[in-house]
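J.: Structure file work_14.cif, mmCIF, C-alpha atoms (C1' of nucleotides), is pasted below:
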data_entry
#
loop_
_atom_site.label_atom_id
_atom_site.label_comp_id
_atom_site.auth_asym_id
_atom_site.auth_seq_id
_atom_site.Cartn_x
_atom_site.Cartn_y
_atom_site.Cartn_z
CA MET Z 25 -1.40 37.56 -13.88
CA ASP Z 26 -2.86 40.86 -14.99
CA LYS Z 27 -2.89 40.24 -18.71
CA GLN Z 28 -5.39 37.44 -19.08
CA VAL Z 29 -8.60 39.26 -19.78
CA PRO Z 30 -7.52 41.59 -22.59
CA PHE Z 31 -6.10 38.90 -24.80
CA HIS Z 32 -8.63 36.16 -24.37
CA GLU Z 33 -11.83 38.13 -24.32
CA THR Z 34 -11.25 41.18 -26.46
CA LEU Z 35 -8.31 40.86 -28.80
CA ASN Z 36 -8.80 37.32 -29.97
CA LEU Z 37 -11.22 37.92 -32.78
CA THR Z 38 -11.26 41.67 -32.72
CA LEU Z 39 -7.97 42.14 -34.49
CA ILE Z 40 -9.01 39.83 -37.29
CA GLY Z 41 -12.38 41.52 -37.57
CA ASN Z 42 -10.77 44.95 -37.61
CA MET Z 43 -8.53 43.98 -40.48
CA GLY Z 44 -11.55 43.20 -42.61
CA ARG Z 45 -13.30 46.41 -41.72
CA VAL Z 46 -10.26 48.62 -42.25
CA ASN Z 47 -9.58 46.95 -45.56
CA ARG Z 48 -13.15 47.64 -46.68
CA LEU Z 49 -12.92 51.27 -45.60
CA CYS Z 50 -9.59 51.93 -47.30
CA ARG Z 51 -10.81 50.55 -50.58
CA GLU Z 52 -14.09 52.41 -50.22
CA ALA Z 53 -12.17 55.67 -49.75
CA VAL Z 54 -10.53 55.29 -53.14
CA THR Z 55 -13.66 53.92 -54.78
CA HIS Z 56 -15.64 56.97 -53.72
CA ALA Z 57 -13.03 59.18 -55.33
CA VAL Z 58 -12.93 57.34 -58.65
CA GLU Z 59 -16.64 56.64 -58.92
CA PRO Z 60 -17.02 59.38 -61.54
CA LEU Z 61 -14.68 57.32 -63.73
CA GLY Z 62 -17.18 54.45 -63.60
CA LEU Z 63 -14.84 52.18 -61.70
CA THR Z 64 -15.68 49.83 -58.88
CA GLN Z 65 -13.22 48.76 -56.25
CA SER Z 66 -12.08 45.55 -57.94
CA ARG Z 67 -11.86 47.23 -61.32
CA TRP Z 68 -9.62 50.12 -60.31
CA THR Z 69 -7.44 47.82 -58.25
CA THR Z 70 -7.01 45.56 -61.25
CA LEU Z 71 -6.15 48.44 -63.56
CA MET Z 72 -3.47 49.64 -61.14
CA HIS Z 73 -1.91 46.21 -60.96
CA ILE Z 74 -1.87 45.80 -64.72
CA LYS Z 75 -0.12 49.15 -64.97
CA MET Z 76 2.37 48.13 -62.32
CA LEU Z 77 3.13 44.85 -64.10
CA SER Z 78 3.13 46.57 -67.54
CA GLU Z 79 0.96 45.81 -70.50
CA GLY Z 80 1.16 42.41 -72.14
CA VAL Z 81 1.00 40.65 -68.80
CA THR Z 82 -0.98 37.41 -68.65
CA GLN Z 83 -4.13 36.90 -66.61
CA LEU Z 84 -2.43 34.44 -64.32
CA GLU Z 85 0.25 36.97 -63.45
CA ILE Z 86 -2.38 39.57 -62.65
CA ALA Z 87 -4.27 37.14 -60.46
CA HIS Z 88 -1.12 36.38 -58.49
CA SER Z 89 -0.34 40.04 -58.10
CA LEU Z 90 -3.84 40.75 -56.83
CA SER Z 91 -3.87 37.64 -54.64
CA ILE Z 92 -7.16 36.50 -56.06
CA GLU Z 93 -8.21 33.36 -57.91
CA MET Z 94 -8.59 33.16 -61.65
CA PRO Z 95 -12.39 33.01 -61.72
CA SER Z 96 -12.55 36.24 -59.72
CA LEU Z 97 -10.23 37.91 -62.17
CA THR Z 98 -12.03 36.57 -65.22
CA ARG Z 99 -15.16 38.41 -64.19
CA ILE Z 100 -13.34 41.67 -63.53
CA LEU Z 101 -11.49 41.59 -66.86
CA LYS Z 102 -14.70 40.81 -68.69
CA GLN Z 103 -16.23 43.98 -67.23
CA LEU Z 104 -13.17 46.07 -68.01
CA GLU Z 105 -13.25 44.80 -71.57
CA GLU Z 106 -16.95 45.64 -71.84
CA GLN Z 107 -16.08 49.14 -70.69
CA SER Z 108 -13.47 49.25 -73.48
CA LEU Z 109 -10.65 49.95 -71.04
CA ILE Z 110 -8.59 46.86 -71.86
CA ILE Z 111 -8.18 44.24 -74.58
CA ARG Z 112 -7.52 40.54 -74.13
CA ARG Z 113 -5.34 39.10 -76.86
CA ILE Z 114 -4.39 35.44 -77.20
CA ASP Z 115 -0.65 34.85 -76.86
CA GLU Z 116 0.56 33.56 -80.21
CA TYR Z 117 3.26 31.42 -78.61
CA ASP Z 118 0.94 29.81 -76.07
CA LYS Z 119 -2.61 29.83 -77.30
CA ARG Z 120 -3.99 28.99 -73.87
CA SER Z 121 -2.92 32.22 -72.29
CA LYS Z 122 -4.18 35.73 -72.92
CA LYS Z 123 -2.22 38.94 -72.66
CA ILE Z 124 -3.78 42.13 -71.42
CA TYR Z 125 -3.38 45.56 -73.04
CA PHE Z 126 -4.92 48.94 -72.33
CA THR Z 127 -7.05 50.74 -74.89
CA ASP Z 128 -6.48 54.45 -75.46
CA LYS Z 129 -9.49 55.14 -73.28
CA GLY Z 130 -8.01 52.89 -70.63
CA ARG Z 131 -4.72 54.75 -70.65
CA GLN Z 132 -6.51 58.07 -70.35
CA ILE Z 133 -8.50 57.00 -67.31
CA LEU Z 134 -5.40 55.51 -65.76
CA SER Z 135 -3.66 58.82 -65.27
CA SER Z 136 -6.56 60.34 -63.32
CA LEU Z 137 -6.80 57.11 -61.41
CA GLN Z 138 -3.15 57.14 -60.46
CA GLU Z 139 -3.46 60.68 -59.16
CA GLU Z 140 -6.45 59.87 -57.01
CA VAL Z 141 -4.92 56.71 -55.63
CA ASP Z 142 -1.72 58.54 -54.70
CA GLU Z 143 -3.62 61.29 -52.96
CA ILE Z 144 -5.92 58.99 -51.02
CA THR Z 145 -3.24 56.55 -49.94
CA GLN Z 146 -1.13 59.48 -48.73
CA GLN Z 147 -4.04 60.55 -46.56
CA ILE Z 148 -4.72 57.04 -45.32
CA TYR Z 149 -1.13 56.46 -44.29
CA SER Z 150 -0.67 59.91 -42.76
CA GLY Z 151 0.27 59.90 -39.10
CA LEU Z 152 2.19 56.64 -39.50
CA ASN Z 153 5.87 56.64 -40.39
CA HIS Z 154 7.73 54.21 -42.60
CA GLN Z 155 8.95 52.15 -39.69
CA GLN Z 156 5.44 51.66 -38.40
CA LEU Z 157 4.10 50.79 -41.83
CA ASP Z 158 6.95 48.39 -42.45
CA ALA Z 159 6.39 46.75 -39.08
CA MET Z 160 2.74 46.37 -39.89
CA ALA Z 161 3.42 44.85 -43.29
CA HIS Z 162 5.85 42.50 -41.63
CA HIS Z 163 3.45 41.39 -38.94
CA LEU Z 164 0.70 40.91 -41.47
CA ILE Z 165 2.92 38.51 -43.35
CA LYS Z 166 3.66 36.64 -40.14
CA LEU Z 167 -0.07 36.29 -39.45
CA GLU Z 168 -0.58 35.11 -42.99
CA GLN Z 169 2.08 32.44 -42.69
CA ASN Z 170 0.62 31.25 -39.41
CA ALA Z 171 -2.87 31.10 -40.87
CA GLN Z 172 -1.62 29.19 -43.89
CA ALA Z 173 0.22 26.69 -41.67
CA CYS Z 174 -2.98 26.28 -39.71
CA ILE Z 175 -5.03 25.51 -42.79
CA LYS Z 176 -2.45 23.05 -44.05
CA GLN Z 177 -2.61 21.30 -40.70
CA GLN Z 178 -6.40 21.12 -40.83
CA ILE Z 179 -6.28 19.51 -44.24
CA GLN Z 180 -3.76 16.90 -43.09
CA LYS Z 181 -5.98 16.03 -40.12
CA LYS Z 182 -8.88 15.56 -42.47
CA VAL Z 183 -6.93 13.23 -44.73
CA LYS Z 184 -6.07 10.99 -41.79
CA LYS Z 185 -9.70 10.51 -40.82
CA MET O 26 16.59 60.02 -50.31
CA ASP O 27 16.88 56.26 -50.43
CA LYS O 28 13.32 55.43 -49.51
CA GLN O 29 11.31 56.73 -52.43
CA VAL O 30 10.78 53.67 -54.50
CA PRO O 31 9.51 51.26 -51.88
CA PHE O 32 6.71 53.47 -50.66
CA HIS O 33 5.39 54.80 -53.88
CA GLU O 34 5.62 51.77 -56.07
CA THR O 35 5.23 48.79 -53.85
CA LEU O 36 3.70 49.63 -50.50
CA ASN O 37 1.00 51.98 -51.61
CA LEU O 38 -1.69 49.49 -52.43
CA THR O 39 0.05 46.38 -51.28
CA LEU O 40 -0.53 46.94 -47.59
CA ILE O 41 -4.22 47.48 -48.13
CA GLY O 42 -4.44 44.45 -50.37
CA ASN O 43 -2.55 42.34 -47.88
CA MET O 44 -4.97 43.21 -45.14
CA GLY O 45 -7.81 41.79 -47.13
CA ARG O 46 -5.98 38.62 -47.95
CA VAL O 47 -4.74 38.03 -44.42
CA ASN O 48 -8.22 38.64 -43.07
CA ARG O 49 -9.65 36.07 -45.49
CA LEU O 50 -6.99 33.52 -44.56
CA CYS O 51 -7.42 33.95 -40.81
CA ARG O 52 -11.15 33.46 -41.01
CA GLU O 53 -10.70 30.54 -43.36
CA ALA O 54 -8.39 28.87 -40.85
CA VAL O 55 -11.12 28.83 -38.23
CA THR O 56 -13.84 28.01 -40.72
CA HIS O 57 -11.96 24.92 -41.87
CA ALA O 58 -11.75 23.75 -38.28
CA VAL O 59 -15.43 24.25 -37.47
CA GLU O 60 -16.81 23.07 -40.78
CA PRO O 61 -17.89 19.75 -39.19
CA LEU O 62 -20.18 21.81 -36.96
CA GLY O 63 -21.98 23.08 -40.06
CA LEU O 64 -20.84 26.66 -39.55
CA THR O 65 -19.69 29.12 -42.15
CA GLN O 66 -17.40 32.00 -41.42
CA SER O 67 -20.07 34.61 -40.81
CA ARG O 68 -22.15 32.22 -38.74
CA TRP O 69 -19.45 31.19 -36.27
CA THR O 70 -18.24 34.78 -35.96
CA THR O 71 -21.77 35.89 -35.13
CA LEU O 72 -22.24 33.13 -32.55
CA MET O 73 -19.01 34.16 -30.83
CA HIS O 74 -20.09 37.77 -30.68
CA ILE O 75 -23.49 36.92 -29.26
CA LYS O 76 -21.79 34.88 -26.58
CA MET O 77 -19.41 37.74 -25.82
CA LEU O 78 -22.29 40.22 -25.53
CA SER O 79 -24.46 37.71 -23.59
CA GLU O 80 -27.84 36.35 -24.55
CA GLY O 81 -30.76 38.74 -24.82
CA VAL O 82 -28.72 41.20 -26.86
CA THR O 83 -30.53 43.00 -29.68
CA GLN O 84 -29.72 42.62 -33.34
CA LEU O 85 -28.52 46.19 -33.59
CA GLU O 86 -26.00 45.62 -30.81
CA ILE O 87 -24.70 42.51 -32.54
CA ALA O 88 -24.36 44.36 -35.83
CA HIS O 89 -22.32 47.08 -34.15
CA SER O 90 -20.13 44.53 -32.46
CA LEU O 91 -19.48 42.73 -35.74
CA SER O 92 -19.04 46.01 -37.62
CA ILE O 93 -21.52 44.97 -40.28
CA GLU O 94 -24.79 46.48 -41.45
CA MET O 95 -28.17 45.24 -40.37
CA PRO O 96 -29.15 43.59 -43.65
CA SER O 97 -25.99 41.50 -43.53
CA LEU O 98 -26.81 40.41 -40.01
CA THR O 99 -30.45 39.69 -40.77
CA ARG O 100 -29.45 37.05 -43.27
CA ILE O 101 -26.96 35.42 -40.93
CA LEU O 102 -29.42 35.26 -38.03
CA LYS O 103 -32.08 33.84 -40.32
CA GLN O 104 -29.71 30.99 -41.19
CA LEU O 105 -28.72 30.41 -37.57
CA GLU O 106 -32.38 30.29 -36.63
CA GLU O 107 -33.07 27.79 -39.42
CA GLN O 108 -30.26 25.67 -37.99
CA SER O 109 -32.02 25.89 -34.61
CA LEU O 110 -28.97 27.41 -32.95
CA ILE O 111 -30.63 30.64 -31.85
CA ILE O 112 -34.08 32.12 -31.26
CA ARG O 113 -35.24 35.63 -32.09
CA ARG O 114 -37.77 36.95 -29.60
CA ILE O 115 -39.53 40.31 -29.83
CA ASP O 116 -38.66 42.63 -26.96
CA GLU O 117 -41.88 43.18 -25.00
CA TYR O 118 -40.90 46.72 -24.07
CA ASP O 119 -40.00 47.76 -27.60
CA LYS O 120 -41.82 45.70 -30.15
CA ARG O 121 -39.55 46.90 -32.96
CA SER O 122 -36.48 45.22 -31.59
CA LYS O 123 -35.69 41.53 -31.25
CA LYS O 124 -33.55 39.87 -28.64
CA ILE O 125 -31.36 36.91 -29.44
CA TYR O 126 -31.09 33.75 -27.34
CA PHE O 127 -29.27 30.46 -27.83
CA THR O 128 -31.12 27.17 -28.07
CA ASP O 129 -29.76 24.18 -26.16
CA LYS O 130 -28.25 22.93 -29.41
CA GLY O 131 -26.68 26.32 -29.89
CA ARG O 132 -25.10 26.28 -26.47
CA GLN O 133 -23.70 22.82 -27.07
CA ILE O 134 -22.04 23.77 -30.32
CA LEU O 135 -20.72 26.95 -28.76
CA SER O 136 -18.37 25.15 -26.40
CA SER O 137 -16.66 23.18 -29.18
CA LEU O 138 -16.55 26.36 -31.18
CA GLN O 139 -14.91 28.33 -28.41
CA GLU O 140 -12.24 25.66 -28.05
CA GLU O 141 -11.43 25.66 -31.74
CA VAL O 142 -11.34 29.43 -31.98
CA ASP O 143 -9.00 29.67 -29.00
CA GLU O 144 -6.66 27.09 -30.45
CA ILE O 145 -6.56 28.57 -33.92
CA THR O 146 -6.16 32.16 -32.81
CA GLN O 147 -3.30 31.11 -30.52
CA GLN O 148 -1.60 29.59 -33.55
CA ILE O 149 -2.29 32.58 -35.74
CA TYR O 150 -0.88 35.02 -33.23
CA SER O 151 2.10 32.90 -32.34
CA GLY O 152 5.46 34.53 -32.96
CA LEU O 153 4.03 37.96 -32.20
CA ASN O 154 4.05 39.35 -28.69
CA HIS O 155 1.45 41.49 -27.00
CA GLN O 156 3.26 44.69 -27.74
CA GLN O 157 3.41 43.92 -31.42
CA LEU O 158 -0.24 42.92 -31.54
CA ASP O 159 -1.24 46.01 -29.61
CA ALA O 160 0.78 48.22 -31.94
CA MET O 161 -0.87 46.61 -34.90
CA ALA O 162 -4.35 47.07 -33.49
CA HIS O 163 -3.45 50.68 -32.79
CA HIS O 164 -2.16 51.35 -36.26
CA LEU O 165 -5.17 49.68 -37.81
CA ILE O 166 -7.40 52.09 -35.92
CA LYS O 167 -5.33 55.00 -37.17
CA LEU O 168 -5.72 53.80 -40.75
CA GLU O 169 -9.43 53.41 -40.18
CA GLN O 170 -9.80 56.95 -38.88
CA ASN O 171 -7.84 58.32 -41.82
CA ALA O 172 -9.94 56.37 -44.29
CA GLN O 173 -13.13 57.55 -42.65
CA ALA O 174 -11.95 61.17 -42.74
CA CYS O 175 -11.17 60.67 -46.42
CA ILE O 176 -14.63 59.36 -47.20
CA LYS O 177 -16.26 62.20 -45.30
CA GLN O 178 -14.21 64.64 -47.32
CA GLN O 179 -15.26 63.01 -50.59
CA ILE O 180 -18.90 63.31 -49.66
CA GLN O 181 -18.53 66.99 -48.81
CA LYS O 182 -16.87 67.65 -52.15
CA LYS O 183 -19.77 65.95 -53.89
CA VAL O 184 -22.33 68.07 -52.07
CA LYS O 185 -20.62 71.25 -53.21
CA LYS O 186 -20.86 70.30 -56.86
"C1'" DC H 6 2.71 8.84 -82.76
"C1'" DA H 7 -0.93 8.21 -79.33
"C1'" DC H 8 -2.12 8.75 -74.73
"C1'" DC H 9 -2.05 11.10 -70.32
"C1'" DT H 10 -1.08 14.99 -67.36
"C1'" DT H 11 -0.62 19.74 -66.57
"C1'" DT H 12 -1.90 24.39 -67.23
"C1'" DG H 13 -4.49 28.93 -68.59
"C1'" DG H 14 -8.91 30.36 -68.83
"C1'" DT H 15 -14.04 30.06 -68.35
"C1'" DT H 16 -18.70 29.08 -66.38
"C1'" DA H 17 -21.90 28.18 -62.71
"C1'" DG H 18 -23.13 28.91 -58.36
"C1'" DC H 19 -22.13 29.76 -53.15
"C1'" DC H 20 -20.96 33.13 -49.28
"C1'" DT H 21 -20.89 37.60 -47.26
"C1'" DG H 22 -20.36 42.33 -47.49
"C1'" DC H 23 -23.15 46.48 -49.16
"C1'" DT H 24 -27.12 50.18 -50.36
"C1'" DA H 25 -31.90 51.42 -51.33
"C1'" DA H 26 -36.46 51.01 -50.31
"C1'" DC H 27 -39.93 49.15 -47.39
"C1'" DT H 28 -42.88 48.01 -42.79
"C1'" DA H 29 -44.00 48.57 -38.16
"C1'" DT H 30 -43.34 50.54 -33.85
"C1'" DT H 31 -41.82 54.31 -30.90
"C1'" DA H 32 -40.73 59.11 -29.94
"C1'" DT H 33 -41.40 63.94 -30.84
"C1'" DT H 34 -43.72 68.04 -32.17
"C1'" DT H 35 -47.37 70.92 -32.67
"C1'" DA R 12 -54.57 63.79 -29.81
"C1'" DA R 13 -52.81 63.85 -34.58
"C1'" DA R 14 -49.09 64.43 -37.59
"C1'" DT R 15 -44.32 63.84 -38.25
"C1'" DA R 16 -39.72 62.02 -37.52
"C1'" DA R 17 -36.75 58.51 -36.00
"C1'" DT R 18 -35.55 53.68 -35.16
"C1'" DA R 19 -35.33 48.23 -35.53
"C1'" DG R 20 -35.71 45.05 -38.68
"C1'" DT R 21 -36.60 43.08 -43.40
"C1'" DT R 22 -36.37 42.31 -48.49
"C1'" DA R 23 -34.31 42.73 -53.00
"C1'" DG R 24 -30.54 42.95 -55.58
"C1'" DC R 25 -25.46 44.26 -56.51
"C1'" DA R 26 -20.20 43.53 -55.82
"C1'" DG R 27 -16.46 40.68 -55.22
"C1'" DG R 28 -14.31 36.87 -52.98
"C1'" DC R 29 -14.38 31.57 -53.42
"C1'" DT R 30 -14.58 26.26 -55.13
"C1'" DA R 31 -15.90 22.71 -58.45
"C1'" DA R 32 -16.22 21.25 -62.94
"C1'" DC R 33 -15.20 22.04 -67.52
"C1'" DC R 34 -12.48 23.04 -72.25
"C1'" DA R 35 -8.58 23.52 -75.11
"C1'" DA R 36 -3.74 23.92 -75.74
"C1'" DA R 37 0.92 22.33 -74.35
"C1'" DG R 38 4.12 19.00 -72.54
"C1'" DG R 39 5.63 14.31 -71.33
"C1'" DT R 40 5.98 9.39 -71.75
"C1'" DG R 41 5.53 4.69 -73.41
#
Please express the file's structure as structure tokens.
T.:
Amino acid sequence: MDKQVPFHETLNLTLIGNMGRVNRLCREAVTHAVEPLGLTQSRWTTLMHIKMLSEGVTQLEIAHSLSIEMPSLTRILKQLEEQSLIIRRIDEYDKRSKKIYFTDKGRQILSSLQEEVDEITQQIYSGLNHQQLDAMAHHLIKLEQNAQACIKQQIQKKVKK
Amino acid sequence: MDKQVPFHETLNLTLIGNMGRVNRLCREAVTHAVEPLGLTQSRWTTLMHIKMLSEGVTQLEIAHSLSIEMPSLTRILKQLEEQSLIIRRIDEYDKRSKKIYFTDKGRQILSSLQEEVDEITQQIYSGLNHQQLDAMAHHLIKLEQNAQACIKQQIQKKVKK
DNA sequence: CACCTTTGGTTAGCCTGCTAACTATTATTT
DNA sequence: AAATAATAGTTAGCAGGCTAACCAAAGGTG
């Protein structure tokens, strides 16, 4: 009977709001650092994921890895291609899909980028140990599953009406 | 010596990315539910915060509470005013600032909104206890502080150059 | 083989965050 | 009291997420 106020009035939306703000700040921290490379937040994130997945990956695979939708990715890749950092090449075995490769310029930038990202993320995670980070990642996934179940439920309700 | 790969290669950016996605999903869950009320994500969030802070609050106070910048808020309030859910009234003691009040229509919608938000957030947080949620909130704040320190550092470096 | 469905990618346009540059009022300094 | 600085709010325009609607290629089915 002494734990009603904190949850209902303060935590309810605050936690969700905080997640958005912290996410923005973390990405901004890196973006600031790599600004001289001419990279925005979505562009450097995309480059890192392509590297992680290796060259020759398809757009769909990148989109999944980034957890964004295809139209969002299309725009980012278009910009990266205009900056001559990547190339989109049609897959000869499935002419619908396109495979992504780095240009030489892209590969050059990538190494500086990797350094910066490593340094910044080290700083951002400092003061938290692996257990705490793992717990957090775990709880985030739980929240995500709950939210997804919620949305599914909403949609079903709508169909009934 | 068995924990090198997970951190460096998978967790580094993933945690940050996940935060963004989970945040989007959580807000989408509520937005789906209150769509019939004609409210978007930023609009219902703002209404909830105004209610929490009580009517007569200034725009600046709302912006702080929402952790967004004034221009972002200005747009949202303009829309809410067009929907006749709130009124902006110039403070007679400081004619620069405006105080926000609900209309009758606004107050009506607010009660349905509160119900929905309570229900959805309950569902989203289910499976996690208070300790876990508190820990998460705590760790989020730590990440935020680290990120902010990082950004400050970047700016100082730039000044030196 | 012809038709239909599915799938990878694109385009158009909305929503919501931001910064930069502005106005108008208030506070401070001289 | 006049000049200057600071503050509340606005406008314009960018960045990056999304859905809806489309095209073209690939896969199934009668």
J.: Check the smallest atom-to-atom distance from each of O:Gln173, O:Ile93, O:Ser79, O:Thr71 to Leu105 in chain O using all atoms listed in the file, then report the winner.
T.: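 Result for the nearest residue to Leu105 in chain O: O:Thr71.
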J.: Quick one: which residues end up in the PyMOL selection byres ((chain H) within 9 of (chain O)) for this structure, as a VMD selection string?
T.: chain H and resid 20 to 23 29 to 31
J.: Both chains have the same sequence, so superpose chain O on chain Z over all Cα atoms paired in order and return it as a compact mmCIF listing (two decimals) with C-alpha atoms, in the coordinates of the input.
T.:
# COMPACT_ATOMS: atom_id res chain seq x y z
CA MET O 26 -0.61 38.19 -14.45
CA ASP O 27 -2.37 41.40 -15.37
CA LYS O 28 -2.74 40.75 -19.06
CA GLN O 29 -5.10 37.81 -19.23
CA VAL O 30 -8.40 39.43 -19.87
CA PRO O 31 -7.52 41.70 -22.77
CA PHE O 32 -6.08 38.98 -24.94
CA HIS O 33 -8.53 36.23 -24.39
CA GLU O 34 -11.75 38.14 -24.32
CA THR O 35 -11.29 41.15 -26.48
CA LEU O 36 -8.36 40.84 -28.84
CA ASN O 37 -8.83 37.30 -29.97
CA LEU O 38 -11.27 37.86 -32.78
CA THR O 39 -11.32 41.61 -32.73
CA LEU O 40 -8.01 42.07 -34.49
CA ILE O 41 -9.04 39.76 -37.29
CA GLY O 42 -12.40 41.45 -37.58
CA ASN O 43 -10.81 44.86 -37.61
CA MET O 44 -8.58 43.93 -40.48
CA GLY O 45 -11.57 43.16 -42.61
CA ARG O 46 -13.33 46.35 -41.73
CA VAL O 47 -10.29 48.55 -42.24
CA ASN O 48 -9.61 46.89 -45.57
CA ARG O 49 -13.18 47.58 -46.68
CA LEU O 50 -12.97 51.21 -45.58
CA CYS O 51 -9.64 51.88 -47.28
CA ARG O 52 -10.85 50.51 -50.57
CA GLU O 53 -14.11 52.37 -50.21
CA ALA O 54 -12.21 55.63 -49.74
CA VAL O 55 -10.57 55.26 -53.13
CA THR O 56 -13.69 53.89 -54.76
CA HIS O 57 -15.68 56.93 -53.69
CA ALA O 58 -13.08 59.16 -55.29
CA VAL O 59 -12.96 57.33 -58.62
CA GLU O 60 -16.66 56.60 -58.89
CA PRO O 61 -17.04 59.37 -61.52
CA LEU O 62 -14.68 57.34 -63.70
CA GLY O 63 -17.16 54.46 -63.63
CA LEU O 64 -14.83 52.18 -61.69
CA THR O 65 -15.69 49.83 -58.89
CA GLN O 66 -13.24 48.73 -56.27
CA SER O 67 -12.11 45.54 -57.97
CA ARG O 68 -11.88 47.24 -61.34
CA TRP O 69 -9.63 50.13 -60.31
CA THR O 70 -7.45 47.81 -58.23
CA THR O 71 -7.00 45.55 -61.24
CA LEU O 72 -6.15 48.46 -63.54
CA MET O 73 -3.49 49.64 -61.10
CA HIS O 74 -1.94 46.20 -60.93
CA ILE O 75 -1.85 45.81 -64.69
CA LYS O 76 -0.10 49.15 -64.93
CA MET O 77 2.38 48.11 -62.25
CA LEU O 78 3.14 44.84 -64.05
CA SER O 79 3.18 46.55 -67.48
CA GLU O 80 0.99 45.82 -70.46
CA GLY O 81 1.21 42.42 -72.10
CA VAL O 82 1.03 40.65 -68.75
CA THR O 83 -0.97 37.42 -68.63
CA GLN O 84 -4.12 36.92 -66.62
CA LEU O 85 -2.44 34.43 -64.33
CA GLU O 86 0.25 36.96 -63.43
CA ILE O 87 -2.38 39.57 -62.64
CA ALA O 88 -4.29 37.12 -60.46
CA HIS O 89 -1.15 36.35 -58.48
CA SER O 90 -0.38 40.01 -58.08
CA LEU O 91 -3.89 40.73 -56.82
CA SER O 92 -3.91 37.61 -54.65
CA ILE O 93 -7.22 36.47 -56.08
CA GLU O 94 -8.26 33.35 -57.95
CA MET O 95 -8.63 33.18 -61.69
CA PRO O 96 -12.43 33.04 -61.78
CA SER O 97 -12.59 36.25 -59.78
CA LEU O 98 -10.24 37.92 -62.21
CA THR O 99 -12.02 36.60 -65.29
CA ARG O 100 -15.17 38.44 -64.30
CA ILE O 101 -13.35 41.68 -63.59
CA LEU O 102 -11.47 41.63 -66.90
CA LYS O 103 -14.67 40.85 -68.76
CA GLN O 104 -16.21 44.01 -67.29
CA LEU O 105 -13.14 46.12 -68.04
CA GLU O 106 -13.19 44.85 -71.60
CA GLU O 107 -16.89 45.70 -71.91
CA GLN O 108 -16.01 49.20 -70.74
CA SER O 109 -13.39 49.31 -73.50
CA LEU O 110 -10.59 49.98 -71.04
CA ILE O 111 -8.53 46.91 -71.85
CA ILE O 112 -8.10 44.29 -74.58
CA ARG O 113 -7.46 40.59 -74.12
CA ARG O 114 -5.26 39.15 -76.85
CA ILE O 115 -4.31 35.48 -77.19
CA ASP O 116 -0.58 34.89 -76.82
CA GLU O 117 0.65 33.60 -80.18
CA TYR O 118 3.29 31.42 -78.56
CA ASP O 119 0.92 29.82 -76.06
CA LYS O 120 -2.61 29.87 -77.30
CA ARG O 121 -3.99 29.00 -73.86
CA SER O 122 -2.90 32.24 -72.29
CA LYS O 123 -4.13 35.77 -72.93
CA LYS O 124 -2.17 38.97 -72.65
CA ILE O 125 -3.74 42.16 -71.40
CA TYR O 126 -3.32 45.58 -73.01
CA PHE O 127 -4.85 48.98 -72.31
CA THR O 128 -6.97 50.78 -74.87
CA ASP O 129 -6.39 54.50 -75.42
CA LYS O 130 -9.44 55.17 -73.25
CA GLY O 131 -7.95 52.93 -70.61
CA ARG O 132 -4.68 54.79 -70.60
CA GLN O 133 -6.47 58.10 -70.28
CA ILE O 134 -8.47 57.02 -67.27
CA LEU O 135 -5.38 55.50 -65.71
CA SER O 136 -3.66 58.83 -65.19
CA SER O 137 -6.58 60.34 -63.27
CA LEU O 138 -6.82 57.11 -61.36
CA GLN O 139 -3.17 57.12 -60.40
CA GLU O 140 -3.50 60.67 -59.10
CA GLU O 141 -6.50 59.85 -56.96
CA VAL O 142 -4.96 56.69 -55.57
CA ASP O 143 -1.77 58.53 -54.64
CA GLU O 144 -3.69 61.26 -52.89
CA ILE O 145 -5.98 58.96 -50.97
CA THR O 146 -3.29 56.53 -49.90
CA GLN O 147 -1.17 59.45 -48.67
CA GLN O 148 -4.10 60.50 -46.51
CA ILE O 149 -4.77 57.00 -45.28
CA TYR O 150 -1.18 56.44 -44.26
CA SER O 151 -0.73 59.85 -42.72
CA GLY O 152 0.22 59.83 -39.06
CA LEU O 153 2.13 56.58 -39.48
CA ASN O 154 5.79 56.58 -40.39
CA HIS O 155 7.66 54.17 -42.60
CA GLN O 156 8.89 52.10 -39.72
CA GLN O 157 5.40 51.62 -38.40
CA LEU O 158 4.03 50.74 -41.82
CA ASP O 159 6.89 48.35 -42.44
CA ALA O 160 6.34 46.68 -39.07
CA MET O 161 2.69 46.30 -39.86
CA ALA O 162 3.35 44.79 -43.26
CA HIS O 163 5.81 42.44 -41.59
CA HIS O 164 3.41 41.35 -38.91
CA LEU O 165 0.65 40.85 -41.43
CA ILE O 166 2.89 38.45 -43.32
CA LYS O 167 3.60 36.58 -40.10
CA LEU O 168 -0.11 36.24 -39.43
CA GLU O 169 -0.62 35.05 -42.97
CA GLN O 170 2.04 32.37 -42.66
CA ASN O 171 0.57 31.18 -39.38
CA ALA O 172 -2.91 31.03 -40.85
CA GLN O 173 -1.66 29.13 -43.86
CA ALA O 174 0.18 26.64 -41.64
CA CYS O 175 -3.05 26.22 -39.69
CA ILE O 176 -5.08 25.47 -42.79
CA LYS O 177 -2.50 22.98 -44.02
CA GLN O 178 -2.67 21.25 -40.67
CA GLN O 179 -6.46 21.06 -40.83
CA ILE O 180 -6.32 19.44 -44.23
CA GLN O 181 -3.82 16.84 -43.06
CA LYS O 182 -6.03 15.97 -40.10
CA LYS O 183 -8.95 15.49 -42.47
CA VAL O 184 -6.97 13.15 -44.71
CA LYS O 185 -6.12 10.93 -41.76
CA LYS O 186 -9.75 10.43 -40.85
J.: Using all atoms listed in the file, what residues lie at most 9 Å away from (2.9, 50.1, -33.9) (file coordinates), given as a PyMOL selection string?
T.: (chain Z and resi 152+155-157+159-160) or (chain O and resi 156-165)
